[in-house]
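Data block for final35.cif (mmCIF, C-alpha atoms):
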data_input
#
loop_
_atom_site.label_atom_id
_atom_site.label_comp_id
_atom_site.auth_asym_id
_atom_site.auth_seq_id
_atom_site.Cartn_x
_atom_site.Cartn_y
_atom_site.Cartn_z
CA MET A 298 -9.43 -14.71 15.78
CA THR A 299 -12.00 -15.82 13.26
CA PRO A 300 -10.37 -17.68 10.35
CA PRO A 301 -11.41 -16.64 6.85
CA PRO A 302 -13.27 -19.11 4.64
CA GLU A 303 -10.94 -21.34 2.66
CA SER A 304 -11.20 -21.30 -1.12
CA GLY A 305 -8.86 -21.72 -4.03
CA ARG A 306 -5.25 -22.82 -4.01
CA ASP A 307 -2.86 -22.51 -1.10
CA PRO A 308 -0.98 -19.19 -1.06
CA GLU A 309 2.23 -19.11 -3.04
CA PRO A 310 5.46 -19.09 -0.98
CA ILE A 311 6.64 -15.70 0.24
CA SER A 312 9.85 -14.66 -1.51
CA ARG A 313 12.10 -11.63 -1.04
CA LEU A 314 13.02 -12.00 -4.71
CA ALA A 315 10.46 -10.78 -7.22
CA PRO A 316 9.38 -13.17 -9.97
CA ALA A 317 10.02 -12.05 -13.52
CA LEU A 318 7.27 -9.98 -15.04
CA PRO A 319 5.03 -12.00 -17.39
CA GLY A 320 5.31 -9.30 -20.03
CA PRO A 321 6.92 -5.94 -20.76
CA GLY A 322 6.73 -3.26 -18.10
CA VAL A 323 3.98 -0.74 -18.82
CA ILE A 324 4.40 1.52 -15.76
CA SER A 325 7.61 2.30 -13.89
CA GLN A 326 8.02 4.40 -10.73
CA PHE A 327 10.38 5.13 -7.86
CA TRP A 328 8.97 4.83 -4.35
CA GLY A 329 11.06 6.76 -1.83
CA ASP A 330 11.17 7.38 1.93
CA LEU A 331 8.49 4.82 2.76
CA ALA A 332 7.11 4.44 6.27
CA PHE A 333 5.38 1.08 6.80
CA LEU A 334 2.96 1.18 9.75
CA HIS A 335 1.01 -2.05 10.28
CA TRP A 336 -1.66 -3.32 12.65
CA ARG A 337 -2.82 -6.89 13.27
CA VAL A 338 -6.53 -7.42 12.62
CA ASP A 339 -8.99 -10.27 12.60
CA PRO A 340 -9.29 -11.58 9.01
CA ALA A 341 -13.04 -11.15 9.34
CA ARG A 342 -12.55 -7.36 9.45
CA VAL A 343 -10.60 -7.45 6.17
CA GLU A 344 -12.75 -9.85 4.18
CA PRO A 345 -15.68 -7.46 3.38
CA PHE A 346 -13.30 -5.03 1.69
CA LEU A 347 -11.63 -7.48 -0.69
CA PRO A 348 -12.62 -7.81 -4.36
CA PRO A 349 -14.36 -10.92 -5.72
CA GLY A 350 -12.24 -14.05 -5.92
CA THR A 351 -9.79 -13.00 -3.20
CA ARG A 352 -9.51 -13.74 0.50
CA PRO A 353 -7.50 -12.27 3.40
CA ASP A 354 -3.87 -13.29 3.52
CA VAL A 355 -3.02 -14.51 7.01
CA VAL A 356 0.14 -15.02 9.02
CA ASP A 357 0.14 -16.34 12.58
CA GLY A 358 -3.67 -16.39 12.50
CA THR A 359 -4.11 -12.70 11.69
CA SER A 360 -4.33 -10.42 8.72
CA TRP A 361 -2.90 -6.90 8.59
CA VAL A 362 -3.80 -3.32 7.71
CA GLY A 363 -1.04 -1.00 6.49
CA LEU A 364 -0.76 2.79 6.55
CA ILE A 365 2.07 3.71 4.19
CA PRO A 366 3.14 7.27 3.35
CA PHE A 367 5.94 7.87 0.83
CA GLU A 368 7.03 9.89 -2.20
CA LEU A 369 6.35 8.60 -5.71
CA SER A 370 8.62 9.89 -8.48
CA SER A 371 10.06 9.08 -11.92
CA SER A 372 6.70 7.81 -13.10
CA ALA A 373 6.88 6.64 -16.73
CA PHE A 374 4.79 4.62 -19.18
CA GLY A 375 6.32 1.90 -21.31
CA PRO A 376 9.54 3.03 -23.02
CA LEU A 377 8.70 6.74 -22.64
CA PRO A 378 10.75 9.04 -20.38
CA ALA A 379 9.55 9.96 -16.91
CA VAL A 380 6.53 12.25 -16.82
CA PRO A 381 7.59 15.79 -15.82
CA TYR A 382 5.84 17.45 -12.86
CA PHE A 383 2.83 15.11 -12.68
CA GLY A 384 5.13 12.09 -12.31
CA ARG A 385 6.27 13.13 -8.82
CA PHE A 386 4.00 13.47 -5.79
CA ALA A 387 3.47 12.50 -2.17
CA GLU A 388 1.16 9.57 -1.48
CA THR A 389 -0.34 7.82 1.51
CA ASN A 390 -2.18 4.54 1.10
CA VAL A 391 -4.16 2.21 3.31
CA ARG A 392 -3.72 -1.34 2.11
CA LEU A 393 -4.84 -4.87 2.91
CA TYR A 394 -3.28 -8.25 2.12
CA SER A 395 -4.97 -10.66 -0.24
CA VAL A 396 -4.71 -14.08 -1.84
CA GLY A 397 -6.35 -14.89 -5.16
CA ALA A 398 -8.06 -18.16 -6.03
CA ASP A 399 -4.88 -19.04 -7.96
CA GLY A 400 -2.77 -18.61 -4.82
CA ARG A 401 -1.09 -15.36 -5.87
CA ARG A 402 -0.47 -13.02 -2.95
CA GLY A 403 -1.13 -9.32 -3.43
CA VAL A 404 -2.33 -6.11 -1.89
CA VAL A 405 -5.71 -4.42 -2.04
CA PHE A 406 -5.86 -0.66 -1.63
CA ARG A 407 -8.60 0.94 0.43
CA THR A 408 -7.39 4.42 -0.49
CA LEU A 409 -4.43 6.05 -2.18
CA GLU A 410 -4.20 9.70 -1.15
CA ALA A 411 -2.09 11.66 -3.65
CA SER A 412 -1.09 15.29 -3.87
CA LYS A 413 -1.67 15.90 -7.61
CA LEU A 414 -5.11 15.83 -9.18
CA VAL A 415 -4.22 14.74 -12.74
CA PRO A 416 -2.61 11.41 -11.68
CA VAL A 417 -5.56 10.84 -9.33
CA LEU A 418 -8.09 11.21 -12.14
CA ALA A 419 -6.00 9.11 -14.54
CA ALA A 420 -5.63 6.25 -12.03
CA ARG A 421 -9.31 6.29 -11.01
CA ILE A 422 -10.57 6.32 -14.59
CA GLY A 423 -7.90 4.25 -16.30
CA LEU A 424 -6.98 1.69 -13.64
CA GLY A 425 -9.99 1.58 -11.32
CA LEU A 426 -7.85 2.37 -8.27
CA PRO A 427 -9.38 4.30 -5.33
CA TYR A 428 -7.09 7.32 -5.65
CA THR A 429 -8.12 10.55 -3.93
CA TRP A 430 -6.74 14.06 -4.17
CA ALA A 431 -5.14 15.37 -1.00
CA GLY A 432 -2.99 18.21 0.21
CA MET A 433 0.19 16.45 1.29
CA SER A 434 3.72 17.19 2.41
CA ILE A 435 6.84 15.26 3.38
CA ARG A 436 9.40 17.02 5.57
CA ARG A 437 12.81 15.58 6.34
CA ASP A 438 15.09 16.81 9.11
CA ALA A 439 17.93 15.51 11.23
CA ASP A 440 15.54 13.85 13.69
CA GLY A 441 13.15 12.11 11.33
CA ILE A 442 10.56 12.29 8.57
CA THR A 443 7.10 13.87 8.86
CA TYR A 444 4.21 13.01 6.54
CA ASP A 445 1.02 15.11 6.51
CA SER A 446 -2.09 14.70 4.40
CA ARG A 447 -5.61 16.12 4.27
CA ARG A 448 -8.07 14.92 1.64
CA ARG A 449 -9.49 17.39 -0.86
CA TRP A 450 -11.60 15.22 -3.19
CA PRO A 451 -13.76 13.25 -2.90
CA SER A 452 -14.34 14.78 0.50
CA ALA A 453 -16.20 11.99 2.29
CA SER A 454 -16.43 8.21 2.51
CA PRO A 455 -19.15 5.79 3.69
CA PHE A 456 -17.31 5.67 7.02
CA SER A 457 -16.55 9.38 7.44
CA PRO A 458 -18.57 12.54 6.62
CA THR A 459 -15.47 14.75 6.78
CA ARG A 460 -12.21 15.09 4.89
CA PRO A 461 -9.90 12.58 6.59
CA GLN A 462 -6.35 13.56 7.40
CA THR A 463 -3.23 11.87 8.68
CA HIS A 464 -0.05 12.93 10.43
CA VAL A 465 2.86 10.51 10.79
CA ARG A 466 6.34 11.18 12.10
CA ILE A 467 9.01 8.48 12.28
CA ARG A 468 12.69 8.20 13.05
CA PRO A 469 14.48 5.59 10.89
CA LEU A 470 16.90 3.54 12.98
CA ASP A 471 20.26 2.10 12.09
CA GLU A 472 18.84 -1.41 12.43
CA PRO A 473 18.66 -3.22 9.08
CA VAL A 474 15.93 -5.83 8.82
CA THR A 475 17.10 -9.18 7.49
CA ASP A 476 15.64 -12.69 7.61
CA ASP A 477 12.40 -11.44 9.17
CA PRO A 478 9.42 -13.53 7.97
CA LEU A 479 6.86 -10.94 9.10
CA ALA A 480 8.63 -8.07 7.34
CA GLU A 481 8.76 -10.17 4.19
CA PHE A 482 5.07 -11.01 4.49
CA LEU A 483 4.22 -7.30 4.72
CA THR A 484 6.54 -5.97 2.01
CA ALA A 485 7.42 -8.75 -0.46
CA ARG A 486 4.23 -8.27 -2.46
CA TRP A 487 4.54 -8.82 -6.18
CA GLY A 488 1.20 -7.54 -7.40
CA MET A 489 -2.10 -5.89 -6.55
CA HIS A 490 -5.65 -7.19 -6.82
CA VAL A 491 -7.96 -4.57 -8.34
CA GLY A 492 -11.70 -5.06 -8.45
CA ARG A 493 -13.63 -3.26 -11.18
CA ARG A 494 -17.14 -3.77 -12.51
CA GLY A 495 -17.47 -7.08 -10.67
CA ARG A 496 -14.20 -8.44 -12.03
CA THR A 497 -10.86 -8.77 -10.26
CA ARG A 498 -7.55 -8.41 -12.04
CA PHE A 499 -4.03 -8.97 -10.79
CA TRP A 500 -1.41 -6.37 -11.72
CA PRO A 501 2.05 -7.98 -11.34
CA ASN A 502 5.00 -5.86 -10.32
CA ASN A 503 8.74 -6.34 -9.97
CA HIS A 504 11.49 -4.52 -8.10
CA PRO A 505 14.76 -5.24 -6.29
CA THR A 506 14.68 -6.66 -2.79
CA TRP A 507 13.61 -4.07 -0.24
CA SER A 508 16.21 -2.33 1.91
CA LEU A 509 14.34 -2.24 5.23
CA HIS A 510 15.14 -0.71 8.60
CA ARG A 511 13.41 -0.62 11.95
CA ALA A 512 11.85 2.75 12.71
CA GLU A 513 10.55 4.54 15.77
CA LEU A 514 7.07 6.04 15.59
CA LEU A 515 7.30 9.51 17.09
CA GLU A 516 3.82 10.88 16.29
CA LEU A 517 0.58 9.53 14.84
CA ASP A 518 -2.72 11.35 14.39
CA ASP A 519 -4.67 9.49 11.74
CA GLU A 520 -8.22 9.47 10.37
CA LEU A 521 -7.61 7.48 7.17
CA LEU A 522 -7.87 4.10 8.87
CA ALA A 523 -11.29 4.93 10.32
CA ALA A 524 -12.39 6.48 7.01
CA THR A 525 -11.63 3.19 5.23
CA GLY A 526 -13.55 0.99 7.66
CA PHE A 527 -11.06 0.39 10.47
CA GLU A 528 -12.37 2.59 13.24
CA GLY A 529 -10.32 2.63 16.44
CA LEU A 530 -7.21 1.10 14.87
CA ALA A 531 -5.16 4.31 14.89
CA GLU A 532 -5.85 4.70 18.61
CA THR A 533 -3.60 1.71 19.29
CA PRO A 534 0.15 1.53 18.60
CA PRO A 535 1.06 -0.22 15.34
CA ASP A 536 2.41 -3.74 15.68
CA SER A 537 5.16 -3.11 13.13
CA VAL A 538 7.01 0.06 12.08
CA LEU A 539 9.52 -0.16 9.23
CA TYR A 540 11.27 2.26 6.91
CA SER A 541 12.79 1.97 3.45
CA PRO A 542 14.81 4.60 1.58
CA GLY A 543 13.18 3.44 -1.61
CA VAL A 544 13.05 1.16 -4.62
CA SER A 545 12.42 1.36 -8.38
CA THR A 546 9.47 -0.72 -9.52
CA ARG A 547 7.73 -1.81 -12.71
CA PHE A 548 4.20 -3.06 -13.41
CA ALA A 549 3.15 -5.32 -16.27
CA ARG A 550 -0.30 -5.47 -17.81
CA PRO A 551 -2.92 -7.06 -15.56
CA ALA A 552 -3.78 -10.72 -15.72
CA SER A 553 -7.23 -12.10 -14.93
#
Mind turning this structure into structure tokens?
Amino acid sequence: MTPPPESGRDPEPISRLAPALPGPGVISQFWGDLAFLHWRVDPARVEPFLPPGTRPDVVDGTSWVGLIPFELSSSAFGPLPAVPYFGRFAETNVRLYSVGADGRRGVVFRTLEASKLVPVLAARIGLGLPYTWAGMSIRRDADGITYDSRRRWPSASPFSPTRPQTHVRIRPLDEPVTDDPLAEFLTARWGMHVGRRGRTRFWPNNHPTWSLHRAELLELDDELLAATGFEGLAETPPDSVLYSPGVSTRFARPAS
């Protein structure tokens, strides 16, 4: 593996407990029925996709790429009540793991596929996040959970001329995950790095400690990883498959 260039402070310690928000919460949401699929990758594959001032976060010499479908609900702004209708939708994101020059660990999103157009437009314009509009569904049955998505807009990416789609089916297992440093590295992320107009900002977030379980991957047919620059990754089994029933989260205003 090729190590990334060193710059800035050492990464902050990984903690299952979220630090207090530096200010009042401005966005709150519930994330439910999350499937965490992760692949090990050379940090050199991640580095070109990170915003200025950040570098790949690394554990055991590798960085990671995550494919994470879930349902977002109870979305609210500041002290206002949850947004009706538009505040609940299915989402699938592809995310990377980053460290800022100040040592703060975060995530960087390559895409956030969402099933309602209005939140997509609001997040793209207002937050600078790479949200896309997709036809999505989440189906739950006695044997597992199935997530399906096909992009509607924008239809293509620099890495794919077609509308990428993904199909994931998992079976959550009765195997709680505790005291697992890798699981904590992948999920205990207390902010996101967002690059916009040549500037990178860190949006801090806070939520209770994850309830995590092992999960069995039953089916995977994915084009999102290739469409975001990671061709061939979905053709190999993920190195980690986890499930969480969900968590309520809050974001504070971004810090530079």
| task | May I have the residues within 8 Å of Asn503 (chain A) as a list in words, using all atoms listed in the file and disregarding those fewer than 3 positions away in the same chain? | result |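 The contact residues come out as Ala315, Pro316, Ala317, Leu318, Trp487, Thr546, Arg547 and Phe548 of chain A.
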| field | Option closest in space to Asn390 (chain A), from A:Leu521, A:Val544, A:Val538, A:Ile467 [counting all atoms listed in the file] | value | A:Leu521
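Here CA of Leu314 (chain A) is placed at a distance of 13.7 Å from CA of Leu483 (chain A).
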| Counting all atoms listed in the file, the residue of A:Ala439, A:Leu418, A:Ala523, A:Val396 that sits nearest Thr463 (chain A) |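 Checking each of A:Ala439, A:Leu418, A:Ala523, A:Val396 against Thr463 (chain A), counting all atoms listed in the file, the winner is A:Ala523.
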| request: Would you list the residues near (1.4, 0.0, 12.3), meaning any protein, DNA or RNA residue with an atom at most 6 Å from that point in file coordinates, counting all atoms listed in the file, as a ChimeraX atom specification? | output: /A:334-336,535-538
| said: Need to verify the contact set: Leu409 (chain A), 7 Å, all atoms listed in the file, exclusion of same-chain residues closer than 3 positions in sequence. Can you return it as a PyMOL selection string? | reply: chain A and resi 388-391+406+427-429
Could you put an axis-aligned box around every listed atom of region 347-358 of chain A, padded by 6 Å on each side, and send me its centre and edge lengths in Å to one decimal, as AutoDock Vina command-line options?
--center_x -7.1 --center_y -11.9 --center_z 3.3 --size_x 26.5 --size_y 20.9 --size_z 30.5
| task | Please provide the set of residues having any atom within 6 Å of Gly543 (chain A), restricted to all atoms listed in the file, with same-chain residues fewer than 3 positions apart removed, written as a PyMOL selection string. | result | chain A and resi 328-330
| field | Point-to-point distance from CA of Phe346 (chain A) to CA of Asp445 (chain A), Å rounded to tenths | value | 25.2 Å
| Quick one: residues within 12 Å of Ala332 (chain A), all atoms listed in the file counted, chain neighbours fewer than 3 positions away excluded, as a PyMOL selection string? | chain A and resi 328-329+335+363-368+388-391+435+441-444+464-470+484+509-515+517+535+537-543
Saved region 327-339 of chain A from the preceding structure, N, CA and C atoms, as a PDB file, in the first residue's frame:
ATOM      1  N   PHE A 327     -33.186  11.486  11.778  1.00  0.00           N
ATOM      2  CA  PHE A 327     -33.063  10.106  12.242  1.00  0.00           C
ATOM      3  C   PHE A 327     -32.598   9.265  11.073  1.00  0.00           C
ATOM      4  N   TRP A 328     -31.534   8.494  11.296  1.00  0.00           N
ATOM      5  CA  TRP A 328     -31.028   7.563  10.289  1.00  0.00           C
ATOM      6  C   TRP A 328     -31.425   6.154  10.715  1.00  0.00           C
ATOM      7  N   GLY A 329     -32.187   5.445   9.889  1.00  0.00           N
ATOM      8  CA  GLY A 329     -32.685   4.143  10.286  1.00  0.00           C
ATOM      9  C   GLY A 329     -32.329   3.033   9.312  1.00  0.00           C
ATOM     10  N   ASP A 330     -32.245   1.813   9.828  1.00  0.00           N
ATOM     11  CA  ASP A 330     -31.976   0.614   9.022  1.00  0.00           C
ATOM     12  C   ASP A 330     -30.761   0.808   8.114  1.00  0.00           C
ATOM     13  N   LEU A 331     -29.630   1.110   8.724  1.00  0.00           N
ATOM     14  CA  LEU A 331     -28.412   1.361   7.953  1.00  0.00           C
ATOM     15  C   LEU A 331     -27.653   0.066   7.691  1.00  0.00           C
ATOM     16  N   ALA A 332     -27.252  -0.114   6.439  1.00  0.00           N
ATOM     17  CA  ALA A 332     -26.311  -1.177   6.068  1.00  0.00           C
ATOM     18  C   ALA A 332     -24.968  -0.521   5.775  1.00  0.00           C
ATOM     19  N   PHE A 333     -23.933  -0.960   6.469  1.00  0.00           N
ATOM     20  CA  PHE A 333     -22.580  -0.425   6.267  1.00  0.00           C
ATOM     21  C   PHE A 333     -21.758  -1.469   5.521  1.00  0.00           C
ATOM     22  N   LEU A 334     -21.515  -1.243   4.233  1.00  0.00           N
ATOM     23  CA  LEU A 334     -20.642  -2.109   3.441  1.00  0.00           C
ATOM     24  C   LEU A 334     -19.344  -1.346   3.194  1.00  0.00           C
ATOM     25  N   HIS A 335     -18.202  -1.976   3.514  1.00  0.00           N
ATOM     26  CA  HIS A 335     -16.918  -1.284   3.392  1.00  0.00           C
ATOM     27  C   HIS A 335     -15.867  -2.157   2.727  1.00  0.00           C
ATOM     28  N   TRP A 336     -15.038  -1.479   1.923  1.00  0.00           N
ATOM     29  CA  TRP A 336     -13.922  -2.126   1.238  1.00  0.00           C
ATOM     30  C   TRP A 336     -12.617  -1.419   1.608  1.00  0.00           C
ATOM     31  N   ARG A 337     -11.562  -2.208   1.811  1.00  0.00           N
ATOM     32  CA  ARG A 337     -10.222  -1.652   1.988  1.00  0.00           C
ATOM     33  C   ARG A 337      -9.702  -1.148   0.646  1.00  0.00           C
ATOM     34  N   VAL A 338      -9.030  -0.011   0.649  1.00  0.00           N
ATOM     35  CA  VAL A 338      -8.419   0.518  -0.569  1.00  0.00           C
ATOM     36  C   VAL A 338      -7.083   1.182  -0.223  1.00  0.00           C
ATOM     37  N   ASP A 339      -6.239   1.257  -1.215  1.00  0.00           N
ATOM     38  CA  ASP A 339      -4.991   1.994  -1.074  1.00  0.00           C
ATOM     39  C   ASP A 339      -5.327   3.467  -0.846  1.00  0.00           C
TER      40      ASP A 339
END
